[in-house]
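Here the structure is laid out as structure tokens; the discussion comes afterwards.
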Amino acid sequence: MALEEKFEKIKDNVWKMEREGRYFSAKRYQSGSTARKVNHIHDVLQEMAFPHIVSVVSEEDRMLFIQPWLEGAKAVNFKKRADRTDSLAALHALHETKAKHDWLASSYLHPYPLLMKWEDRIIRFRELSSAIEAYIGKGQVDEILFYALNAISIVKRTYRDHLNGTLLHGDVVHHNILRDSMGIIRFIDFDLACTGPAGTEIALWIHRVLPQIDYDIDFLFGEQPSLQKLDQSSKTLLLFPNELLREWLYFFTLSPSSRERQAKQLIPFTESALSHWPKLWYDVERINI
Ligand SMILES: Nc1ncnc2c1ncn2[C@@H]1O[C@H](COP(=O)(O)OP(=O)(O)OP(=O)(O)O)[C@@H](O)[C@H]1O
Ligand SMILES: [Mg+2]
């Protein structure tokens, strides 16, 4: 008899599935290479008993990725000290798995295309600039571009893409980092995983955290002693207004009615970021000395 399954749609390609009274997440991949990559990463991490992933339920259909549903799990909240501390420790642990596995030799993983991604973001932001001006004015659009262009020219000179290469999760947004009911941090959604410098992903994590702590870099580096070890080339990445570009590009993928709602948050978010950027720039240059 075929197993009876019930599905609750979470997103376009993600469902919460019930099978014989137990719950699972089910994700359908469009791309075979992403499905193989994500399966491979879980195989390797599971083999080394890495604690910060969710186990995988074996499935005949290789385009379907099934994991036990973490009942009561919550996305981390970067406003909370414990969530910052524990998610950063889990991220370090993920990067340190390179001691047990040569991720760089894996044919499933490609190097994180940081510069390409960021240059592409600047190009797309420029293309949308008059539409964005309608929301925040030319002054703020120019300011964002000014910071982005200055940062990328510094990053191009200083970025070291071979430093401390390892597995990167590739998308360290709060909703891909869950705290389960036992308090353990679990990474989900390795779709964008790749290889690259550990420091790059730590900088991307800091980008996500800064808006939640008033862009106070000094405070964060004081709170998280492991950040003191961050190399210069990775610290320089903090100059790039990554979240602003990403949020505005995402904004224009929304329907007009969602845009109106989102604008109410994105406009003050932009104002706040820009008001903090001169000090952030000063702080980053100072900690780079
Ligand atoms: N095993 C799980 N247990 C509990 N919740 C889960 C689990 N897997 C996924 N989720 C929930 O479903 C959401 C979407 O899953 P996932 O991140 O894999 O999809 P996605 O389409 O890649 O999302 P995005 O692109 O927005 O990051 C997660 O943010 C999380 O809230
Ligand atoms: Mg996700």
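Residue numbering restarts at 1 for every chain of the structure tokens, chains are lettered A, B, ... in their displayed order, and ligands are numbered from 1 as they appear.
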field: For Ser234 of chain A: contacts at 9 Å, only C-alpha atoms, fewer than 5 positions along chain excluded, given as a PyMOL selection string
entry: chain A and resi 155+158-160+197-203
So that I have them on file, write out the residues from the current selection with C-alpha atoms, as a compact mmCIF listing (two decimals), in the first residue's frame.
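Ended up saving to selection_29.txt:
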```
# COMPACT_ATOMS: atom_id res chain seq x y z
CA VAL A 155 37.78 45.07 -2.28
CA THR A 158 42.56 43.67 -1.26
CA TYR A 159 40.36 40.56 -1.67
CA ARG A 160 42.24 37.30 -1.20
CA PRO A 197 37.56 32.01 2.40
CA ALA A 198 36.00 31.44 5.84
CA GLY A 199 36.47 35.17 6.52
CA THR A 200 34.23 36.03 3.56
CA GLU A 201 31.29 34.22 5.10
CA ILE A 202 32.01 35.72 8.52
CA ALA A 203 31.88 39.17 6.88
```
Each chain A residue no farther than 8 Å from ligand 2, nearest pair in Å, only C-alpha atoms and all ligand atoms, as CSV:
```
residue,atom,partner,partner_atom_place_in_ligand_line,distance
A:Asp171,CA,ligand 2,1 (Mg),7.8
A:Val173,CA,ligand 2,1 (Mg),7.8
A:His175,CA,ligand 2,1 (Mg),6.1
A:Asn176,CA,ligand 2,1 (Mg),4.9
A:Ile188,CA,ligand 2,1 (Mg),6.8
A:Asp189,CA,ligand 2,1 (Mg),5.0
```
Suppose we keep N, CA and C atoms; can you now write the selection as a JSON list (two decimals), in the first residue's frame?
```json
[["chain", "number", "residue", "atom", "x", "y", "z"],
["A", 171, "ASP", "N", 24.48, 31.36, 2.33],
["A", 171, "ASP", "CA", 23.26, 32.17, 2.50],
["A", 171, "ASP", "C", 22.91, 32.26, 3.98],
["A", 173, "VAL", "N", 21.44, 33.98, 6.09],
["A", 173, "VAL", "CA", 20.32, 34.82, 6.53],
["A", 173, "VAL", "C", 19.67, 34.15, 7.75],
["A", 175, "HIS", "N", 16.78, 33.22, 8.62],
["A", 175, "HIS", "CA", 15.80, 32.13, 8.49],
["A", 175, "HIS", "C", 16.39, 30.83, 7.92],
["A", 176, "ASN", "N", 17.67, 30.86, 7.61],
["A", 176, "ASN", "CA", 18.35, 29.60, 7.25],
["A", 176, "ASN", "C", 19.15, 29.04, 8.43],
["A", 188, "ILE", "N", 19.97, 25.16, 7.67],
["A", 188, "ILE", "CA", 19.20, 24.53, 6.59],
["A", 188, "ILE", "C", 19.52, 25.29, 5.29],
["A", 189, "ASP", "N", 19.01, 24.77, 4.17],
["A", 189, "ASP", "CA", 19.09, 25.47, 2.89],
["A", 189, "ASP", "C", 20.54, 25.73, 2.43]]
```
task: Give the residues close to ligand 1, within 7 Å, counting only C-alpha atoms and all ligand atoms; write them as a PyMOL selection string.
output: chain A and resi 10-11+13-14+24-25+27+54+67-71+73+75+175-176+188-189+191
File dump, residues just selected, N, CA and C atoms, as a PDB file, in the first residue's frame:
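Below is the file that was written, out08.pdb:
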```pdb
ATOM      1  N   ILE A  10       4.823  25.580   2.205  1.00  0.00           N
ATOM      2  CA  ILE A  10       5.540  26.607   2.968  1.00  0.00           C
ATOM      3  C   ILE A  10       5.978  27.710   2.002  1.00  0.00           C
ATOM      4  N   LYS A  11       6.556  27.295   0.897  1.00  0.00           N
ATOM      5  CA  LYS A  11       6.986  28.222  -0.154  1.00  0.00           C
ATOM      6  C   LYS A  11       6.725  27.500  -1.474  1.00  0.00           C
ATOM      7  N   ASN A  13       8.521  25.916  -3.483  1.00  0.00           N
ATOM      8  CA  ASN A  13       9.153  24.606  -3.674  1.00  0.00           C
ATOM      9  C   ASN A  13       9.408  23.870  -2.352  1.00  0.00           C
ATOM     10  N   VAL A  14       8.787  24.349  -1.263  1.00  0.00           N
ATOM     11  CA  VAL A  14       9.007  23.726   0.057  1.00  0.00           C
ATOM     12  C   VAL A  14       7.662  23.395   0.704  1.00  0.00           C
ATOM     13  N   PHE A  24       7.905  16.141   8.105  1.00  0.00           N
ATOM     14  CA  PHE A  24       9.160  16.331   7.364  1.00  0.00           C
ATOM     15  C   PHE A  24       9.089  17.628   6.559  1.00  0.00           C
ATOM     16  N   SER A  25      10.253  18.174   6.233  1.00  0.00           N
ATOM     17  CA  SER A  25      10.282  19.236   5.225  1.00  0.00           C
ATOM     18  C   SER A  25      10.615  18.552   3.896  1.00  0.00           C
ATOM     19  N   LYS A  27      11.647  19.530  -0.086  1.00  0.00           N
ATOM     20  CA  LYS A  27      12.009  20.596  -1.016  1.00  0.00           C
ATOM     21  C   LYS A  27      12.219  20.002  -2.396  1.00  0.00           C
ATOM     22  N   VAL A  54      20.555  19.294   9.733  1.00  0.00           N
ATOM     23  CA  VAL A  54      19.391  18.441   9.976  1.00  0.00           C
ATOM     24  C   VAL A  54      19.625  17.179   9.152  1.00  0.00           C
ATOM     25  N   GLN A  67      13.834  16.172   4.962  1.00  0.00           N
ATOM     26  CA  GLN A  67      14.472  16.184   6.287  1.00  0.00           C
ATOM     27  C   GLN A  67      13.380  16.168   7.351  1.00  0.00           C
ATOM     28  N   PRO A  68      13.676  15.599   8.525  1.00  0.00           N
ATOM     29  CA  PRO A  68      12.677  15.660   9.596  1.00  0.00           C
ATOM     30  C   PRO A  68      12.349  17.119   9.901  1.00  0.00           C
ATOM     31  N   TRP A  69      11.073  17.417  10.108  1.00  0.00           N
ATOM     32  CA  TRP A  69      10.661  18.776  10.461  1.00  0.00           C
ATOM     33  C   TRP A  69      11.093  19.051  11.900  1.00  0.00           C
ATOM     34  N   LEU A  70      11.781  20.149  12.105  1.00  0.00           N
ATOM     35  CA  LEU A  70      12.229  20.484  13.467  1.00  0.00           C
ATOM     36  C   LEU A  70      11.082  21.206  14.168  1.00  0.00           C
ATOM     37  N   GLU A  71      10.300  20.423  14.914  1.00  0.00           N
ATOM     38  CA  GLU A  71       9.125  20.994  15.587  1.00  0.00           C
ATOM     39  C   GLU A  71       9.602  21.990  16.645  1.00  0.00           C
ATOM     40  N   ALA A  73      11.286  24.624  16.201  1.00  0.00           N
ATOM     41  CA  ALA A  73      12.528  25.354  15.881  1.00  0.00           C
ATOM     42  C   ALA A  73      12.182  26.791  15.497  1.00  0.00           C
ATOM     43  N   ALA A  75      13.827  30.525  13.789  1.00  0.00           N
ATOM     44  CA  ALA A  75      14.931  31.224  13.135  1.00  0.00           C
ATOM     45  C   ALA A  75      15.665  32.054  14.187  1.00  0.00           C
ATOM     46  N   HIS A 175      16.776  33.222   8.616  1.00  0.00           N
ATOM     47  CA  HIS A 175      15.795  32.127   8.492  1.00  0.00           C
ATOM     48  C   HIS A 175      16.388  30.835   7.921  1.00  0.00           C
ATOM     49  N   ASN A 176      17.674  30.859   7.607  1.00  0.00           N
ATOM     50  CA  ASN A 176      18.349  29.601   7.253  1.00  0.00           C
ATOM     51  C   ASN A 176      19.146  29.041   8.435  1.00  0.00           C
ATOM     52  N   ILE A 188      19.974  25.160   7.666  1.00  0.00           N
ATOM     53  CA  ILE A 188      19.201  24.532   6.590  1.00  0.00           C
ATOM     54  C   ILE A 188      19.518  25.288   5.292  1.00  0.00           C
ATOM     55  N   ASP A 189      19.013  24.769   4.174  1.00  0.00           N
ATOM     56  CA  ASP A 189      19.091  25.470   2.891  1.00  0.00           C
ATOM     57  C   ASP A 189      20.537  25.730   2.431  1.00  0.00           C
ATOM     58  N   ASP A 191      21.481  25.472  -0.550  1.00  0.00           N
ATOM     59  CA  ASP A 191      21.365  25.600  -2.010  1.00  0.00           C
ATOM     60  C   ASP A 191      22.495  26.436  -2.618  1.00  0.00           C
TER      61      ASP A 191
END
```
message: For Leu280 of chain A, find every residue with an atom within 9 Å (counting only C-alpha atoms), except residues of its own chain fewer than 3 positions away, and show them as a PyMOL selection string.
response: chain A and resi 215-217+238-239+276-277+283-285
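The space separating atom CA of Phe65 of chain A from atom CA of His101 of chain A comes to 22.7 Å.
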Which residues are close to Gly170 of chain A, i.e. within 9 Å by only C-alpha atoms, leaving aside same-chain residues fewer than 4 positions away? Reply as a compact mmCIF listing (two decimals) with N, CA and C atoms, in the first residue's frame.
```txt
# COMPACT_ATOMS: atom_id res chain seq x y z
N TYR A 112 32.96 30.68 -4.37
CA TYR A 112 31.97 31.74 -4.17
C TYR A 112 32.30 32.94 -5.06
N PHE A 190 21.19 24.64 2.04
CA PHE A 190 22.56 24.75 1.52
C PHE A 190 22.57 24.96 0.00
N ASP A 191 21.48 25.47 -0.55
CA ASP A 191 21.36 25.60 -2.01
C ASP A 191 22.49 26.44 -2.62
N LEU A 192 22.94 27.45 -1.86
CA LEU A 192 23.97 28.35 -2.41
C LEU A 192 25.37 28.01 -1.89
N ALA A 193 25.51 26.84 -1.27
CA ALA A 193 26.81 26.47 -0.69
C ALA A 193 27.89 26.46 -1.76
N CYS A 194 29.09 26.79 -1.35
CA CYS A 194 30.22 26.85 -2.29
C CYS A 194 31.50 26.82 -1.46
N THR A 195 32.62 27.00 -2.12
CA THR A 195 33.87 27.09 -1.37
C THR A 195 34.35 28.54 -1.40
N GLU A 201 32.62 34.53 4.56
CA GLU A 201 31.29 34.22 5.10
C GLU A 201 31.07 34.87 6.47
N LEU A 204 29.96 38.24 5.66
CA LEU A 204 28.57 38.24 5.18
C LEU A 204 27.61 38.08 6.37
```
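Shortest separation to Arg28 of chain A among A:Ser275, A:Ile66, A:His110, A:Trp205 occurs at residue A:Ile66, atoms counted being only C-alpha atoms.
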query: What separation in Å, quoted to one decimal, exists between atom CA of Arg19 of chain A and atom CA of Val57 of chain A?
result: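 Rounded to one decimal, the two atoms are 11.9 Å apart.
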field: alpha helix (DSSP H) call set, DSSP backbone run, segment 151-281 of chain A, as a PyMOL selection string
entry: chain A and resi 151-158+198-209+217-223+232-236+242-251+256-281
Could those selected residues go to a file with C-alpha atoms, as a PDB file, in the first residue's frame?
```pdb
ATOM      1  CA  ALA A 151      33.988  49.705  -1.444  1.00  0.00           C
ATOM      2  CA  ILE A 152      34.234  47.474  -4.492  1.00  0.00           C
ATOM      3  CA  SER A 153      37.306  49.264  -5.780  1.00  0.00           C
ATOM      4  CA  ILE A 154      39.019  48.673  -2.403  1.00  0.00           C
ATOM      5  CA  VAL A 155      37.777  45.066  -2.280  1.00  0.00           C
ATOM      6  CA  LYS A 156      39.154  44.421  -5.777  1.00  0.00           C
ATOM      7  CA  ARG A 157      42.587  45.498  -4.596  1.00  0.00           C
ATOM      8  CA  THR A 158      42.562  43.667  -1.264  1.00  0.00           C
ATOM      9  CA  ALA A 198      36.004  31.442   5.841  1.00  0.00           C
ATOM     10  CA  GLY A 199      36.470  35.166   6.517  1.00  0.00           C
ATOM     11  CA  THR A 200      34.233  36.034   3.561  1.00  0.00           C
ATOM     12  CA  GLU A 201      31.285  34.223   5.101  1.00  0.00           C
ATOM     13  CA  ILE A 202      32.013  35.718   8.521  1.00  0.00           C
ATOM     14  CA  ALA A 203      31.880  39.172   6.880  1.00  0.00           C
ATOM     15  CA  LEU A 204      28.572  38.243   5.184  1.00  0.00           C
ATOM     16  CA  TRP A 205      27.243  37.145   8.597  1.00  0.00           C
ATOM     17  CA  ILE A 206      28.343  40.516  10.052  1.00  0.00           C
ATOM     18  CA  HIS A 207      26.498  42.284   7.196  1.00  0.00           C
ATOM     19  CA  ARG A 208      23.323  40.515   8.285  1.00  0.00           C
ATOM     20  CA  VAL A 209      23.882  41.277  11.978  1.00  0.00           C
ATOM     21  CA  ILE A 217      30.990  47.299  14.906  1.00  0.00           C
ATOM     22  CA  ASP A 218      33.003  48.086  18.034  1.00  0.00           C
ATOM     23  CA  PHE A 219      30.301  46.552  20.193  1.00  0.00           C
ATOM     24  CA  LEU A 220      30.110  43.427  18.011  1.00  0.00           C
ATOM     25  CA  PHE A 221      33.874  42.898  17.920  1.00  0.00           C
ATOM     26  CA  GLY A 222      33.948  43.344  21.696  1.00  0.00           C
ATOM     27  CA  GLU A 223      31.098  40.908  22.210  1.00  0.00           C
ATOM     28  CA  GLN A 232      42.120  42.523   6.850  1.00  0.00           C
ATOM     29  CA  SER A 233      40.850  41.398   3.470  1.00  0.00           C
ATOM     30  CA  SER A 234      37.609  40.122   5.030  1.00  0.00           C
ATOM     31  CA  LYS A 235      37.148  43.219   7.218  1.00  0.00           C
ATOM     32  CA  THR A 236      37.267  45.361   4.084  1.00  0.00           C
ATOM     33  CA  ASN A 242      25.410  44.708   0.638  1.00  0.00           C
ATOM     34  CA  GLU A 243      22.087  44.638   2.477  1.00  0.00           C
ATOM     35  CA  LEU A 244      20.905  47.922   0.938  1.00  0.00           C
ATOM     36  CA  LEU A 245      21.588  46.741  -2.607  1.00  0.00           C
ATOM     37  CA  ARG A 246      20.070  43.317  -2.001  1.00  0.00           C
ATOM     38  CA  GLU A 247      16.932  44.698  -0.310  1.00  0.00           C
ATOM     39  CA  TRP A 248      16.266  47.239  -3.072  1.00  0.00           C
ATOM     40  CA  LEU A 249      16.788  44.654  -5.808  1.00  0.00           C
ATOM     41  CA  TYR A 250      14.459  42.252  -3.995  1.00  0.00           C
ATOM     42  CA  PHE A 251      11.918  45.060  -3.577  1.00  0.00           C
ATOM     43  CA  PRO A 256       2.978  46.461  -6.514  1.00  0.00           C
ATOM     44  CA  SER A 257       0.811  45.888  -3.419  1.00  0.00           C
ATOM     45  CA  SER A 258       3.602  44.084  -1.542  1.00  0.00           C
ATOM     46  CA  ARG A 259       5.949  46.898  -2.577  1.00  0.00           C
ATOM     47  CA  GLU A 260       3.791  49.502  -0.875  1.00  0.00           C
ATOM     48  CA  ARG A 261       3.879  47.497   2.360  1.00  0.00           C
ATOM     49  CA  GLN A 262       7.592  46.773   2.096  1.00  0.00           C
ATOM     50  CA  ALA A 263       8.455  50.419   1.327  1.00  0.00           C
ATOM     51  CA  LYS A 264       7.260  51.383   4.809  1.00  0.00           C
ATOM     52  CA  GLN A 265      10.124  49.322   6.238  1.00  0.00           C
ATOM     53  CA  LEU A 266      12.725  49.689   3.520  1.00  0.00           C
ATOM     54  CA  ILE A 267      12.754  53.512   3.444  1.00  0.00           C
ATOM     55  CA  PRO A 268      13.573  53.890   7.175  1.00  0.00           C
ATOM     56  CA  PHE A 269      15.975  50.902   6.901  1.00  0.00           C
ATOM     57  CA  THR A 270      17.833  52.764   4.129  1.00  0.00           C
ATOM     58  CA  GLU A 271      17.887  56.045   6.058  1.00  0.00           C
ATOM     59  CA  SER A 272      19.245  54.318   9.130  1.00  0.00           C
ATOM     60  CA  ALA A 273      21.938  52.434   7.196  1.00  0.00           C
ATOM     61  CA  LEU A 274      23.108  55.568   5.390  1.00  0.00           C
ATOM     62  CA  SER A 275      23.215  57.589   8.591  1.00  0.00           C
ATOM     63  CA  HIS A 276      25.525  54.951  10.113  1.00  0.00           C
ATOM     64  CA  TRP A 277      27.743  54.366   7.070  1.00  0.00           C
ATOM     65  CA  PRO A 278      30.291  57.208   7.618  1.00  0.00           C
ATOM     66  CA  LYS A 279      31.043  55.943  11.138  1.00  0.00           C
ATOM     67  CA  LEU A 280      31.066  52.344   9.926  1.00  0.00           C
ATOM     68  CA  TRP A 281      33.593  53.293   7.244  1.00  0.00           C
TER      69      TRP A 281
END
```
query: Which one of A:Pro241, A:Pro51, A:Gly183, A:Gly196 sits closest to Pro211 of chain A if you count only C-alpha atoms?
result: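 Of all the options, A:Pro241 lies closest to Pro211 of chain A.
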task: Identify which of the residues A:Tyr147, A:His162, A:Met17, A:Tyr282 lies closest to Leu104 of chain A, counting only C-alpha atoms when measuring atom-to-atom distances.
output: A:His162
task: Grab the atom CA of Thr85 of chain A to atom CA of Gln224 of chain A distance for me, in Å with one decimal place.
output: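 Rounded to one decimal, the two atoms are 6.8 Å apart.
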message: If we count only C-alpha atoms and set the cut-off at 12 Å, which residues sit around Asp83 of chain A, ignoring sequence neighbours fewer than 4 positions away in its own chain? Please answer as a list in words.
response: Lys74, Ala75, Val76, Asn77, Phe78, Lys79, Ser87, Leu88, Ala89, Ala90, Leu91, His174, Ile177, Leu178, Arg179, Asp180, Gly183, Ile184, Ile185, Arg186, Val209, Gln212 and Gln224 of chain A
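Among A:Leu168, A:Val56, A:Met63, A:Leu45, the residue with the shortest atom-to-atom distance to Gln30 of chain A, counting only C-alpha atoms, is A:Met63.
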Using DSSP on the backbone coordinates, identify all residues within segment 44-256 of chain A classified as strand (DSSP E); present the result as a PDB file with C-alpha atoms, in the first residue's frame.
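part33.pdb was written with the following content:
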```
ATOM      1  CA  LEU A  64      13.321  15.800  -3.729  1.00  0.00           C
ATOM      2  CA  PHE A  65      15.166  16.648  -0.505  1.00  0.00           C
ATOM      3  CA  ILE A  66      13.502  15.445   2.688  1.00  0.00           C
ATOM      4  CA  GLN A  67      14.472  16.184   6.287  1.00  0.00           C
ATOM      5  CA  PRO A  68      12.677  15.660   9.596  1.00  0.00           C
ATOM      6  CA  LYS A  74      12.885  29.108  15.485  1.00  0.00           C
ATOM      7  CA  ALA A  75      14.931  31.224  13.135  1.00  0.00           C
ATOM      8  CA  GLY A 165      39.374  28.167   1.797  1.00  0.00           C
ATOM      9  CA  THR A 166      36.600  25.891   3.066  1.00  0.00           C
ATOM     10  CA  LEU A 167      32.922  25.036   2.691  1.00  0.00           C
ATOM     11  CA  LEU A 168      30.692  28.127   2.866  1.00  0.00           C
ATOM     12  CA  ILE A 177      19.765  29.280  10.788  1.00  0.00           C
ATOM     13  CA  LEU A 178      17.312  27.585  13.126  1.00  0.00           C
ATOM     14  CA  ARG A 179      17.541  26.962  16.851  1.00  0.00           C
ATOM     15  CA  ILE A 185      21.772  25.667  16.039  1.00  0.00           C
ATOM     16  CA  ARG A 186      20.900  23.930  12.731  1.00  0.00           C
ATOM     17  CA  PHE A 187      21.758  25.234   9.295  1.00  0.00           C
ATOM     18  CA  CYS A 194      30.219  26.851  -2.285  1.00  0.00           C
ATOM     19  CA  THR A 195      33.875  27.094  -1.370  1.00  0.00           C
ATOM     20  CA  GLY A 196      35.707  30.239  -0.384  1.00  0.00           C
ATOM     21  CA  PRO A 197      37.559  32.012   2.397  1.00  0.00           C
TER      22      PRO A 197
END
```
